[in-house]
>>> print(open('model_22.cif').read())   # mmCIF, C-alpha atoms and all ligand atoms
data_target
loop_
_atom_site.label_atom_id
_atom_site.label_comp_id
_atom_site.auth_asym_id
_atom_site.auth_seq_id
_atom_site.Cartn_x
_atom_site.Cartn_y
_atom_site.Cartn_z
CA MET Q 376 -7.23 41.90 -40.03
CA GLU Q 377 -8.73 38.43 -39.99
CA PHE Q 378 -7.12 36.17 -37.36
CA GLU Q 379 -5.14 33.20 -38.65
CA ALA Q 380 -3.70 30.57 -36.33
CA LEU Q 381 0.11 30.66 -36.34
CA SER Q 382 1.73 28.24 -38.74
CA SER Q 383 4.64 26.14 -37.48
CA SER Q 384 7.13 28.24 -39.42
CA GLU Q 385 5.67 31.50 -38.07
CA LEU Q 386 5.74 30.21 -34.52
CA SER Q 387 9.25 28.86 -34.95
CA ALA Q 388 10.50 32.20 -36.30
CA TYR Q 389 8.74 34.01 -33.46
CA LEU Q 390 10.26 31.83 -30.73
CA ARG Q 391 13.73 32.22 -32.15
CA GLY Q 392 13.29 35.93 -31.56
CA VAL Q 393 12.59 35.49 -27.83
CA PRO Q 394 16.03 35.01 -26.24
CA ALA Q 395 14.79 33.56 -22.93
CA VAL Q 396 12.70 30.92 -24.70
CA TYR Q 397 15.37 30.19 -27.29
CA ALA Q 398 17.82 29.54 -24.45
CA LEU Q 399 15.33 27.32 -22.62
CA LEU Q 400 14.95 25.21 -25.74
CA ASN Q 401 18.73 24.88 -25.87
CA GLU Q 402 19.14 27.07 -28.95
CA PRO Q 403 17.61 24.54 -31.34
CA GLY Q 404 18.45 24.12 -35.00
CA GLU Q 405 15.01 22.76 -35.68
CA LEU Q 406 11.80 22.82 -33.65
CA ASP Q 407 9.04 20.22 -33.54
CA ILE Q 408 5.72 22.00 -33.24
CA ALA Q 409 2.30 20.39 -32.81
CA GLU Q 410 -1.02 22.09 -32.18
CA VAL Q 411 -2.65 20.04 -29.42
CA GLY Q 412 -5.39 22.30 -28.06
CA ASP Q 413 -8.51 20.33 -27.20
CA GLY Q 414 -10.01 22.88 -24.83
CA ASN Q 415 -12.91 25.17 -25.57
CA LEU Q 416 -11.13 28.49 -25.94
CA ASN Q 417 -7.54 28.61 -27.20
CA PHE Q 418 -4.85 27.29 -29.49
CA VAL Q 419 -2.15 25.31 -27.68
CA TYR Q 420 1.14 24.15 -29.14
CA PHE Q 421 3.76 21.75 -27.88
CA VAL Q 422 7.14 23.02 -29.02
CA SER Q 423 10.32 21.02 -28.58
CA ASN Q 424 13.89 20.98 -29.75
CA ALA Q 425 13.97 18.41 -32.58
CA GLN Q 426 17.42 17.22 -31.44
CA ALA Q 427 16.65 17.28 -27.69
CA PRO Q 428 12.91 16.59 -27.23
CA GLU Q 429 13.15 17.00 -23.44
CA LYS Q 430 13.77 20.72 -24.08
CA SER Q 431 10.22 21.73 -24.59
CA VAL Q 432 7.62 24.40 -23.83
CA VAL Q 433 3.92 25.05 -24.32
CA VAL Q 434 2.68 28.02 -26.33
CA LYS Q 435 -0.88 29.14 -25.81
CA GLN Q 436 -2.61 31.76 -27.96
CA ALA Q 437 -6.07 33.26 -27.59
CA PRO Q 438 -7.91 33.72 -30.89
CA PRO Q 439 -10.52 36.50 -31.04
CA PHE Q 440 -13.31 33.96 -30.74
CA LEU Q 441 -14.40 30.93 -28.76
CA ARG Q 442 -12.60 28.03 -30.34
CA LEU Q 443 -15.34 25.54 -29.48
CA VAL Q 444 -17.85 27.45 -31.62
CA GLY Q 445 -15.69 29.43 -34.05
CA LYS Q 446 -15.72 32.97 -35.40
CA SER Q 447 -19.45 33.34 -34.85
CA TRP Q 448 -18.75 33.64 -31.10
CA PRO Q 449 -16.29 36.54 -30.78
CA LEU Q 450 -14.38 36.77 -27.54
CA THR Q 451 -11.87 39.21 -26.15
CA ARG Q 452 -8.25 38.25 -26.68
CA HIS Q 453 -7.46 40.10 -23.45
CA ARG Q 454 -8.42 36.90 -21.64
CA MET Q 455 -4.80 35.90 -22.21
CA GLU Q 456 -3.69 38.82 -20.02
CA ARG Q 457 -6.07 37.65 -17.28
CA GLU Q 458 -4.64 34.15 -17.55
CA VAL Q 459 -1.02 35.29 -17.44
CA ALA Q 460 -1.69 37.56 -14.45
CA ALA Q 461 -3.50 34.78 -12.61
CA LEU Q 462 -0.76 32.23 -13.32
CA GLN Q 463 1.81 34.68 -12.00
CA ARG Q 464 -0.19 35.45 -8.88
CA PHE Q 465 -1.08 31.83 -8.12
CA GLY Q 466 2.46 30.80 -9.02
CA ALA Q 467 3.84 33.21 -6.43
CA LEU Q 468 1.52 31.71 -3.81
CA CYS Q 469 1.85 28.05 -4.76
CA PRO Q 470 4.83 27.53 -7.08
CA GLN Q 471 4.69 23.77 -6.65
CA HIS Q 472 1.19 23.61 -8.16
CA VAL Q 473 1.24 26.22 -10.92
CA PRO Q 474 3.13 26.05 -14.23
CA ARG Q 475 5.71 28.75 -14.84
CA VAL Q 476 5.16 31.48 -17.41
CA TYR Q 477 8.37 32.09 -19.36
CA HIS Q 478 7.17 34.77 -21.72
CA ALA Q 479 3.97 36.71 -22.45
CA ASP Q 480 3.15 38.80 -25.50
CA SER Q 481 0.28 41.25 -25.10
CA GLU Q 482 0.14 42.06 -28.82
CA LEU Q 483 -0.13 38.49 -30.06
CA PHE Q 484 -2.11 37.45 -26.97
CA LEU Q 485 0.10 34.46 -26.42
CA MET Q 486 2.27 33.06 -23.70
CA VAL Q 487 5.05 30.52 -23.43
CA MET Q 488 4.89 28.32 -20.39
CA GLN Q 489 6.28 25.27 -18.65
CA ARG Q 490 5.57 21.98 -20.38
CA LEU Q 491 4.27 19.34 -18.01
CA SER Q 492 5.37 16.39 -20.08
CA SER Q 493 5.14 13.69 -17.44
CA HIS Q 494 1.67 14.77 -16.30
CA ARG Q 495 -1.77 14.16 -17.72
CA ILE Q 496 -5.14 15.80 -17.44
CA LEU Q 497 -6.77 14.64 -14.20
CA ARG Q 498 -10.14 13.98 -15.88
CA GLN Q 499 -8.50 11.41 -18.16
CA GLY Q 500 -6.67 9.80 -15.26
CA LEU Q 501 -9.92 9.53 -13.29
CA MET Q 502 -11.72 8.00 -16.26
CA ASP Q 503 -8.93 5.43 -16.43
CA GLY Q 504 -9.28 4.64 -12.74
CA VAL Q 505 -5.87 5.91 -11.70
CA VAL Q 506 -5.28 6.61 -8.02
CA TYR Q 507 -3.27 9.77 -7.32
CA PRO Q 508 -2.10 9.44 -3.71
CA LYS Q 509 -1.14 13.07 -3.28
CA LEU Q 510 -4.04 14.68 -5.12
CA ALA Q 511 -6.15 15.69 -2.12
CA ALA Q 512 -3.21 17.10 -0.17
CA HIS Q 513 -2.07 19.09 -3.20
CA LEU Q 514 -5.47 20.46 -4.18
CA SER Q 515 -6.41 21.38 -0.63
CA THR Q 516 -3.09 23.21 -0.26
CA TYR Q 517 -3.60 25.02 -3.57
CA LEU Q 518 -7.16 26.02 -2.67
CA ALA Q 519 -6.31 27.16 0.85
CA HIS Q 520 -3.35 29.27 -0.22
CA THR Q 521 -4.88 30.89 -3.29
CA LEU Q 522 -8.24 31.60 -1.67
CA PHE Q 523 -6.83 32.87 1.65
CA TYR Q 524 -4.07 35.12 0.32
CA GLY Q 525 -6.33 36.83 -2.23
CA SER Q 526 -8.94 37.76 0.34
CA ASP Q 527 -9.60 40.49 2.90
CA LEU Q 528 -8.57 37.99 5.56
CA PHE Q 529 -5.02 38.64 4.42
CA LEU Q 530 -4.79 41.69 2.16
CA ALA Q 531 -5.06 45.28 3.33
CA PRO Q 532 -8.46 46.69 2.26
CA ASP Q 533 -7.05 49.17 -0.27
CA VAL Q 534 -4.76 46.55 -1.81
CA LYS Q 535 -7.64 44.12 -2.09
CA LYS Q 536 -9.93 46.67 -3.74
CA GLN Q 537 -7.28 47.56 -6.29
CA ALA Q 538 -6.72 43.87 -6.97
CA VAL Q 539 -10.46 43.40 -7.55
CA ARG Q 540 -10.40 46.23 -10.10
CA ASP Q 541 -7.32 44.85 -11.84
CA ALA Q 542 -8.85 41.41 -12.24
CA VAL Q 543 -12.19 42.39 -13.78
CA ASN Q 544 -12.93 39.73 -16.41
CA SER Q 545 -16.43 40.68 -17.59
CA GLU Q 546 -16.61 38.73 -20.82
CA LEU Q 547 -15.53 35.41 -19.39
CA CYS Q 548 -17.65 35.91 -16.28
CA LYS Q 549 -20.62 36.49 -18.60
CA ILE Q 550 -20.01 33.07 -20.16
CA THR Q 551 -20.30 31.51 -16.71
CA GLU Q 552 -23.30 33.64 -15.75
CA ASP Q 553 -25.10 32.43 -18.88
CA LEU Q 554 -23.88 28.87 -19.32
CA VAL Q 555 -23.79 27.81 -15.67
CA PHE Q 556 -26.51 29.81 -13.97
CA THR Q 557 -29.05 30.73 -16.64
CA TYR Q 558 -29.34 28.76 -19.89
CA PRO Q 559 -29.57 25.27 -18.36
CA PHE Q 560 -32.79 26.34 -16.68
CA GLU Q 561 -34.39 27.81 -19.81
CA ASP Q 562 -35.37 26.50 -23.21
CA HIS Q 563 -32.10 27.78 -24.65
CA PRO Q 564 -30.62 26.65 -27.99
CA SER Q 565 -27.20 26.08 -26.43
CA ASN Q 566 -28.57 23.30 -24.21
CA VAL Q 567 -27.76 19.76 -25.31
CA TYR Q 568 -29.53 16.68 -23.98
CA SER Q 569 -28.19 13.18 -24.45
CA PRO Q 570 -30.42 10.89 -26.58
CA ALA Q 571 -32.00 8.88 -23.75
CA PHE Q 572 -32.01 11.63 -21.13
CA PRO Q 573 -35.60 11.67 -19.82
CA ARG Q 574 -37.24 14.85 -21.06
CA ALA Q 575 -39.40 14.94 -17.90
CA GLU Q 576 -36.22 15.78 -15.98
CA ILE Q 577 -35.86 18.99 -17.95
CA GLY Q 578 -39.37 20.11 -17.07
CA ARG Q 579 -38.78 19.23 -13.42
CA LEU Q 580 -35.60 21.28 -13.40
CA ARG Q 581 -37.23 24.34 -14.92
CA GLN Q 582 -40.42 24.15 -12.92
CA SER Q 583 -39.04 23.74 -9.42
CA PRO Q 584 -39.33 27.18 -7.78
CA ALA Q 585 -37.10 26.10 -4.88
CA LEU Q 586 -34.36 25.02 -7.26
CA ARG Q 587 -34.64 28.11 -9.47
CA ILE Q 588 -34.39 30.33 -6.39
CA ALA Q 589 -31.38 28.41 -5.10
CA VAL Q 590 -29.63 28.81 -8.46
CA ALA Q 591 -30.50 32.52 -8.51
CA GLU Q 592 -28.90 32.86 -5.08
CA MET Q 593 -25.74 31.20 -6.34
CA LYS Q 594 -25.69 33.44 -9.41
CA TRP Q 595 -26.04 36.49 -7.19
CA ALA Q 596 -23.11 35.32 -5.08
CA PHE Q 597 -21.04 34.66 -8.19
CA MET Q 598 -21.70 38.16 -9.53
CA ASN Q 599 -21.41 40.10 -6.30
CA ASP Q 600 -19.18 38.38 -3.78
CA ALA Q 601 -15.70 39.58 -4.75
CA GLU Q 602 -14.06 37.59 -1.97
CA THR Q 603 -10.81 36.46 -3.52
CA LEU Q 604 -8.97 35.83 -6.78
CA LEU Q 605 -10.48 32.67 -8.20
CA HIS Q 606 -9.26 30.32 -10.87
CA GLY Q 607 -12.81 30.54 -12.18
CA ASP Q 608 -12.96 27.23 -14.08
CA LEU Q 609 -11.41 24.66 -11.77
CA HIS Q 610 -12.78 21.45 -13.27
CA THR Q 611 -10.71 18.28 -13.58
CA GLY Q 612 -9.70 19.28 -17.11
CA SER Q 613 -7.85 22.25 -15.58
CA ILE Q 614 -5.68 20.03 -13.39
CA MET Q 615 -2.61 18.07 -14.50
CA VAL Q 616 -1.27 15.23 -12.40
CA ASN Q 617 1.14 12.38 -12.00
CA GLN Q 618 1.87 10.21 -8.99
CA ASP Q 619 3.95 12.89 -7.33
CA GLU Q 620 2.77 16.26 -8.56
CA THR Q 621 -0.37 18.28 -9.21
CA TYR Q 622 -0.57 21.43 -11.33
CA VAL Q 623 -3.51 23.76 -11.87
CA ILE Q 624 -3.62 25.19 -15.38
CA ASP Q 625 -5.84 27.43 -17.53
CA PRO Q 626 -7.03 30.23 -15.23
CA GLU Q 627 -8.36 32.45 -18.02
CA PHE Q 628 -11.68 32.77 -16.16
CA ALA Q 629 -9.87 34.25 -13.13
CA PHE Q 630 -11.66 37.10 -11.35
CA TYR Q 631 -12.53 38.17 -7.82
CA GLY Q 632 -15.46 36.02 -6.83
CA PRO Q 633 -16.81 33.79 -4.06
CA MET Q 634 -14.37 31.24 -2.62
CA GLY Q 635 -16.90 28.46 -2.91
CA PHE Q 636 -16.91 28.69 -6.68
CA ASP Q 637 -13.46 27.09 -7.05
CA ILE Q 638 -14.05 24.56 -4.27
CA GLY Q 639 -17.45 23.68 -5.73
CA ALA Q 640 -15.94 23.14 -9.18
CA VAL Q 641 -13.50 20.55 -7.82
CA LEU Q 642 -16.18 18.75 -5.79
CA ALA Q 643 -18.64 18.79 -8.70
CA ASN Q 644 -16.19 17.19 -11.07
CA LEU Q 645 -15.22 14.50 -8.58
CA LEU Q 646 -18.89 13.69 -8.11
CA LEU Q 647 -19.40 13.50 -11.89
CA ALA Q 648 -16.42 11.14 -12.03
CA TYR Q 649 -18.03 9.08 -9.25
CA PHE Q 650 -21.44 8.77 -10.89
CA SER Q 651 -19.92 7.84 -14.25
CA ARG Q 652 -17.92 4.88 -12.84
CA ASP Q 653 -20.59 2.38 -13.94
CA TRP Q 654 -19.29 2.81 -17.47
CA HIS Q 655 -15.59 3.39 -16.92
CA ASP Q 656 -15.21 0.44 -14.58
CA ARG Q 657 -16.34 -1.74 -17.47
CA HIS Q 658 -14.21 -0.01 -20.10
CA GLN Q 659 -10.93 0.58 -18.39
CA THR Q 660 -8.33 1.66 -20.94
CA ALA Q 661 -5.29 1.92 -18.69
CA GLY Q 662 -3.95 -0.01 -15.74
CA ARG Q 663 -4.76 1.28 -12.31
CA HIS Q 664 -2.22 2.33 -9.80
CA GLY Q 665 -2.58 1.31 -6.21
CA ASN Q 666 -4.65 -1.83 -6.92
CA ALA Q 667 -7.96 -0.05 -6.69
CA GLY Q 668 -10.77 -2.34 -7.75
CA ALA Q 669 -14.06 -0.95 -9.03
CA THR Q 670 -15.62 -0.50 -5.60
CA SER Q 671 -12.53 0.84 -3.99
CA TYR Q 672 -12.00 3.29 -6.84
CA ARG Q 673 -15.44 4.72 -6.22
CA ASP Q 674 -14.54 4.91 -2.54
CA TRP Q 675 -11.29 6.62 -3.46
CA LEU Q 676 -13.17 9.25 -5.46
CA LEU Q 677 -15.45 9.97 -2.51
CA ASP Q 678 -12.44 9.99 -0.20
CA GLN Q 679 -11.06 12.78 -2.38
CA VAL Q 680 -14.24 14.77 -1.85
CA THR Q 681 -13.84 14.37 1.90
CA SER Q 682 -10.10 14.92 2.04
CA ILE Q 683 -10.05 17.93 -0.26
CA TRP Q 684 -12.68 19.74 1.77
CA SER Q 685 -11.21 18.69 5.14
CA GLY Q 686 -7.64 19.42 4.08
CA PHE Q 687 -8.70 22.76 2.67
CA GLU Q 688 -10.57 23.69 5.85
CA GLN Q 689 -7.66 22.72 8.07
CA THR Q 690 -5.03 24.56 6.02
CA PHE Q 691 -7.18 27.63 5.43
CA LEU Q 692 -7.88 27.92 9.17
CA ALA Q 693 -4.20 27.42 9.98
CA LEU Q 694 -3.23 30.25 7.60
CA TRP Q 695 -5.93 32.45 9.09
CA ARG Q 696 -5.02 31.73 12.72
CA ASP Q 697 -1.36 32.20 12.01
CA HIS Q 698 -1.96 35.54 10.28
CA GLU Q 699 -4.11 36.82 13.13
CA SER Q 700 -1.70 35.58 15.79
CA ARG Q 701 0.35 38.68 14.98
CA ARG Q 702 -2.48 41.23 14.71
CA LYS Q 703 -6.05 41.62 15.79
CA SER Q 704 -8.80 40.29 13.56
CA HIS Q 705 -9.89 42.66 10.79
CA PHE Q 706 -13.45 41.62 11.35
CA ILE Q 707 -13.99 40.95 15.05
CA GLY Q 708 -11.55 43.51 16.40
CA ASP Q 709 -10.59 43.32 20.08
CA ASP Q 710 -11.45 39.90 21.46
CA PRO Q 711 -9.60 38.96 24.66
CA GLY Q 712 -9.39 35.16 24.80
CA GLY Q 713 -10.26 34.84 21.12
CA VAL Q 714 -13.71 33.33 21.73
CA CYS Q 715 -15.54 35.47 19.19
CA VAL Q 716 -12.80 35.09 16.60
CA GLU Q 717 -12.90 31.29 16.79
CA ALA Q 718 -16.71 31.21 16.68
CA TYR Q 719 -16.63 33.54 13.68
CA ARG Q 720 -14.17 31.26 11.90
CA ALA Q 721 -16.42 28.24 12.51
CA ARG Q 722 -19.42 30.05 11.03
CA PHE Q 723 -17.32 31.27 8.13
CA MET Q 724 -16.33 27.69 7.24
CA GLN Q 725 -19.90 26.45 7.60
CA ARG Q 726 -21.13 29.14 5.23
CA LEU Q 727 -18.30 28.37 2.83
CA LEU Q 728 -19.16 24.67 2.78
CA ALA Q 729 -22.80 25.49 2.01
CA GLU Q 730 -21.79 27.86 -0.75
CA SER Q 731 -19.32 25.37 -2.24
CA LEU Q 732 -22.06 22.75 -2.37
CA GLY Q 733 -24.45 25.18 -4.04
CA PHE Q 734 -21.88 25.99 -6.71
CA ALA Q 735 -21.06 22.30 -7.12
CA GLY Q 736 -24.76 21.69 -7.81
CA CYS Q 737 -24.89 24.43 -10.48
CA LYS Q 738 -21.75 23.16 -12.14
CA MET Q 739 -23.01 19.57 -12.26
CA ILE Q 740 -26.34 20.61 -13.78
CA ARG Q 741 -24.68 22.64 -16.52
CA ARG Q 742 -22.47 19.70 -17.52
CA ILE Q 743 -25.55 17.49 -17.91
CA VAL Q 744 -28.10 19.72 -19.64
CA GLY Q 745 -26.07 22.71 -20.80
CA MET Q 746 -23.36 23.43 -23.31
CA ALA Q 747 -19.76 22.15 -22.94
CA LYS Q 748 -20.02 18.74 -21.36
CA VAL Q 749 -17.47 16.52 -19.68
CA ALA Q 750 -15.81 13.46 -21.18
CA ASP Q 751 -16.53 11.39 -18.04
CA ILE Q 752 -20.15 11.39 -19.22
CA THR Q 753 -20.00 11.99 -22.99
CA SER Q 754 -17.72 8.97 -23.39
CA ILE Q 755 -20.47 6.67 -22.11
CA ALA Q 756 -21.46 4.99 -25.39
CA ASP Q 757 -24.47 3.18 -23.95
CA ASN Q 758 -27.23 5.81 -24.12
CA ALA Q 759 -29.45 4.17 -21.54
CA LEU Q 760 -26.62 3.90 -19.03
CA ARG Q 761 -25.55 7.46 -19.78
CA ALA Q 762 -29.06 8.67 -18.98
CA VAL Q 763 -29.04 6.78 -15.67
CA VAL Q 764 -25.71 8.38 -14.77
CA GLU Q 765 -26.97 11.82 -15.79
CA VAL Q 766 -30.16 11.52 -13.76
CA ARG Q 767 -28.26 10.37 -10.67
CA ALA Q 768 -25.84 13.26 -11.00
CA LEU Q 769 -28.69 15.68 -11.57
CA ARG Q 770 -30.51 14.47 -8.46
CA CYS Q 771 -27.32 14.88 -6.48
CA ALA Q 772 -26.86 18.41 -7.85
CA GLU Q 773 -30.43 19.37 -6.94
CA ARG Q 774 -30.03 18.07 -3.42
CA LEU Q 775 -26.74 19.92 -2.98
CA LEU Q 776 -28.44 23.14 -4.01
CA LEU Q 777 -31.59 22.66 -1.96
CA GLU Q 778 -30.00 21.19 1.15
CA ARG Q 779 -26.76 23.15 1.13
CA THR Q 780 -27.40 25.13 4.29
CA ALA Q 781 -28.72 22.06 6.15
CA ILE Q 782 -25.73 19.89 5.30
CA GLY Q 783 -23.54 20.08 8.37
CA ASN Q 784 -20.41 18.37 7.10
CA ILE Q 785 -18.75 16.82 4.09
CA ALA Q 786 -19.53 13.28 5.29
CA GLN Q 787 -23.18 13.98 4.58
CA VAL Q 788 -22.33 14.80 0.97
CA VAL Q 789 -20.54 11.48 0.61
CA SER Q 790 -23.49 9.62 2.14
CA MET Q 791 -25.84 11.40 -0.24
CA ALA Q 792 -23.75 10.39 -3.25
CA ARG Q 793 -23.66 6.74 -2.09
CA GLU Q 794 -27.40 6.76 -1.50
CA LEU Q 795 -28.13 8.10 -5.00
CA GLN Q 796 -25.73 5.64 -6.58
CA ALA Q 797 -27.42 2.75 -4.75
CA ASP Q 798 -30.93 3.95 -5.58
CA GLY Q 799 -32.11 1.89 -8.60
CA ARG Q 800 -34.96 4.30 -9.24
CA ALA Q 801 -32.73 7.31 -9.80
C1 LIG Q 901 -18.32 28.52 -23.98
S1 LIG Q 901 -16.90 28.04 -23.16
C2 LIG Q 901 -17.44 26.63 -22.39
C3 LIG Q 901 -16.80 26.32 -21.13
O1 LIG Q 901 -15.45 26.06 -21.31
C4 LIG Q 901 -14.74 26.46 -20.18
O2 LIG Q 901 -13.96 25.43 -19.70
C5 LIG Q 901 -15.76 26.94 -19.18
O3 LIG Q 901 -16.19 25.91 -18.32
C6 LIG Q 901 -16.83 27.38 -20.07
O4 LIG Q 901 -18.09 27.49 -19.45
MG MG Q 902 -10.02 25.93 -19.63
#
>>> encode(input="model_22.cif", output="structure tokens", more="lines below")
Ligand code: SR1
Ligand code: MG
Amino acid sequence: MEFEALSSSELSAYLRGVPAVYALLNEPGELDIAEVGDGNLNFVYFVSNAQAPEKSVVVKQAPPFLRLVGKSWPLTRHRMEREVAALQRFGALCPQHVPRVYHADSELFLMVMQRLSSHRILRQGLMDGVVYPKLAAHLSTYLAHTLFYGSDLFLAPDVKKQAVRDAVNSELCKITEDLVFTYPFEDHPSNVYSPAFPRAEIGRLRQSPALRIAVAEMKWAFMNDAETLLHGDLHTGSIMVNQDETYVIDPEFAFYGPMGFDIGAVLANLLLAYFSRDWHDRHQTAGRHGNAGATSYRDWLLDQVTSIWSGFEQTFLALWRDHESRRKSHFIGDDPGGVCVEAYRARFMQRLLAESLGFAGCKMIRRIVGMAKVADITSIADNALRAVVEVRALRCAERLLLERTAIGNIAQVVSMARELQADGRA
């Protein structure tokens, strides 16, 4: 049967039949329902009690196609099961940063979840120049906990292997394999270039063997390194914030993959926010918090890059050390004095930084030349300025990919971004 999006009356009747949700909404006489989905994949509804609007939930339903494109791009509805499972898993690990799932329906491929009514999408907040004082601490905690506890550093090997099997998400992974790692580097019809984007940049991108090899290495890692349960699409549109809280939403791309993919997604989107400040500083639509002027807001964005990586590294290592304080290391084995274990951890984090930077580079390139762009850049109405921003971001992405194993610390990434921003020729 042809899929039809739920009408308000159908959704209302459905929710009345789910006792837990009906109770949460305070047994409403009438419901206000609005479809608000502006993402690429799903239908999203805000549902509230017409008499008590604070009693409210979100309903999310997966249609059998990619919403961004329509019925001509069919897509498994089972992605909703992946999302629900990931929200439940991440919610168990980090309840303060993951919305609650109240109800899931595996026949209608929908779920009812916590409404974050006093939060907004981080990307929008960044475009408006809002400082979120707790963002870095929250995201580094979220990353450290989700990435550590899903991995072989914590799980027993058989449990981990079963978890990898349970989280296979082939169709959504294929979207990433194509749209992030492949199409941007080919003459593919899904690529979109902004009007003034210098066409020579496209040739340069496709014809650089070093870059193509670096991207191939990242794609290999993405497809083969089942290290931990990832969010899988952790851009700033998948994060909701206010001054006190941070929530990570939308993990429908969740699967067992390389840790650096989630970290890289966060860093990439902060760097895109940084390079696009030239426009947003001039077209601020909302007041800033924390009195950040244009320069200091750029600094704040780069501080987030530093603090998220450093906070992640510190917390991840603390979880790891704590876990192995009660048992010997899975990987080093006996190690009186712990010298090898500590050296192994240092190398592990160095490799992870390099990998995160490589993935950040891929993710930035796709947002500039590939399909599904980011509002930080598409909202730049001045085409010439947009092209300058895109070229700077592209150069940064290329350097992250090519220099990822030589970059010794996150401070070098920040210096690189500043250098590219200051370089008039970029
Ligand atoms: C074809 S779906 C486009 C993008 O939307 C999601 O947010 C993912 O980033 C995906 O690549
Ligand atoms: Mg999403």
>>> residues_near_ligand(input="model_22.cif", ligand="ligand LIG 901 (chain Q)", cutoff="6 Å", atoms="all atoms listed in the file", output="VMD selection string")
chain Q and resid 415 550 to 551 554 608 747
>>> closest_residue(input="model_22.cif", among="Q:Leu528, Q:Val789, Q:Ile624, Q:Ala735", to="His705 (chain Q)", atoms="only C-alpha atoms")
Q:Leu528
>>> atom_distance(input="model_22.cif", atom1="CA of Gly713 (chain Q)", atom2="CA of Phe529 (chain Q)")
17.9 Å
>>> residues_near_ligand(input="model_22.cif", ligand="ligand MG 902 (chain Q)", cutoff="10 Å", atoms="only C-alpha atoms and all ligand atoms", output="ChimeraX atom specification")
/Q:413-417,606-614,624-628
>>> atom_distance(input="model_22.cif", atom1="CA of Ala759 (chain Q)", atom2="CA of Arg742 (chain Q)")
17.5 Å
>>> residues_around(input="model_22.cif", residues="Ala395 (chain Q)", least_positions_apart="3", cutoff="8 Å", atoms="all atoms listed in the file", output="list in words")
Ala398, Leu399, Tyr477 and His478 of chain Q
>>> write_last_selection(input="model_22.cif", atoms="C-alpha atoms", output="compact mmCIF listing (two decimals), in the frame of the given file")
# COMPACT_ATOMS: atom_id res chain seq x y z
CA ALA Q 398 17.82 29.54 -24.45
CA LEU Q 399 15.33 27.32 -22.62
CA TYR Q 477 8.37 32.09 -19.36
CA HIS Q 478 7.17 34.77 -21.72
>>> closest_residue(input="model_22.cif", among="Q:Asn617, Q:Ser671, Q:Gln725, Q:Thr780", to="Gln499 (chain Q)", atoms="only C-alpha atoms")
Q:Asn617
>>> atom_distance(input="model_22.cif", atom1="CA of Phe706 (chain Q)", atom2="CA of Ala721 (chain Q)")
13.8 Å
>>> residues_near_point(input="model_22.cif", point="(-32.0, 14.7, -22.4)", cutoff="12 Å", atoms="only C-alpha atoms", output="ChimeraX atom specification")
/Q:559,566-578,580,740,742-745,758-759,761-766,769
>>> closest_residue(input="model_22.cif", among="Q:Asn544, Q:Phe418, Q:Ala511, Q:Ala768", to="Glu458 (chain Q)", atoms="only C-alpha atoms")
Q:Asn544
>>> closest_residue(input="model_22.cif", among="Q:Asn644, Q:Ser583, Q:Ser383, Q:Asn424", to="Val396 (chain Q)", atoms="only C-alpha atoms")
Q:Asn424
>>> residues_near_point(input="model_22.cif", point="(3.9, 35.4, -29.6)", cutoff="8 Å", atoms="all atoms listed in the file", output="PyMOL selection string")
chain Q and resi 386+389-390+436+479-480+482-487
>>> write_last_selection(input="model_22.cif", atoms="C-alpha atoms", output="short mmCIF file (atom, residue, chain, number, x, y, z; two decimals), in the frame of the given file")
data_model
loop_
_atom_site.label_atom_id
_atom_site.label_comp_id
_atom_site.auth_asym_id
_atom_site.auth_seq_id
_atom_site.Cartn_x
_atom_site.Cartn_y
_atom_site.Cartn_z
CA LEU Q 386 5.74 30.21 -34.52
CA TYR Q 389 8.74 34.01 -33.46
CA LEU Q 390 10.26 31.83 -30.73
CA GLN Q 436 -2.61 31.76 -27.96
CA ALA Q 479 3.97 36.71 -22.45
CA ASP Q 480 3.15 38.80 -25.50
CA GLU Q 482 0.14 42.06 -28.82
CA LEU Q 483 -0.13 38.49 -30.06
CA PHE Q 484 -2.11 37.45 -26.97
CA LEU Q 485 0.10 34.46 -26.42
CA MET Q 486 2.27 33.06 -23.70
CA VAL Q 487 5.05 30.52 -23.43
#
>>> decode(input="model_22.cif", residues="region 622-637 of chain Q", atoms="C-alpha atoms", output="CSV table (one decimal), in the first residue's frame")
chain,number,residue,atom,x,y,z
Q,622,TYR,CA,20.9,16.6,24.0
Q,623,VAL,CA,22.0,14.4,21.1
Q,624,ILE,CA,19.1,13.5,18.8
Q,625,ASP,CA,18.5,11.6,15.5
Q,626,PRO,CA,20.8,8.5,15.7
Q,627,GLU,CA,19.2,6.7,12.8
Q,628,PHE,CA,22.6,6.2,11.1
Q,629,ALA,CA,23.8,4.3,14.2
Q,630,PHE,CA,26.1,1.3,13.6
Q,631,TYR,CA,29.3,-0.1,14.8
Q,632,GLY,CA,32.0,1.9,13.2
Q,633,PRO,CA,35.2,3.8,13.9
Q,634,MET,CA,35.2,6.1,17.0
Q,635,GLY,CA,36.7,9.0,15.0
Q,636,PHE,CA,33.6,9.2,12.8
Q,637,ASP,CA,31.4,10.8,15.5
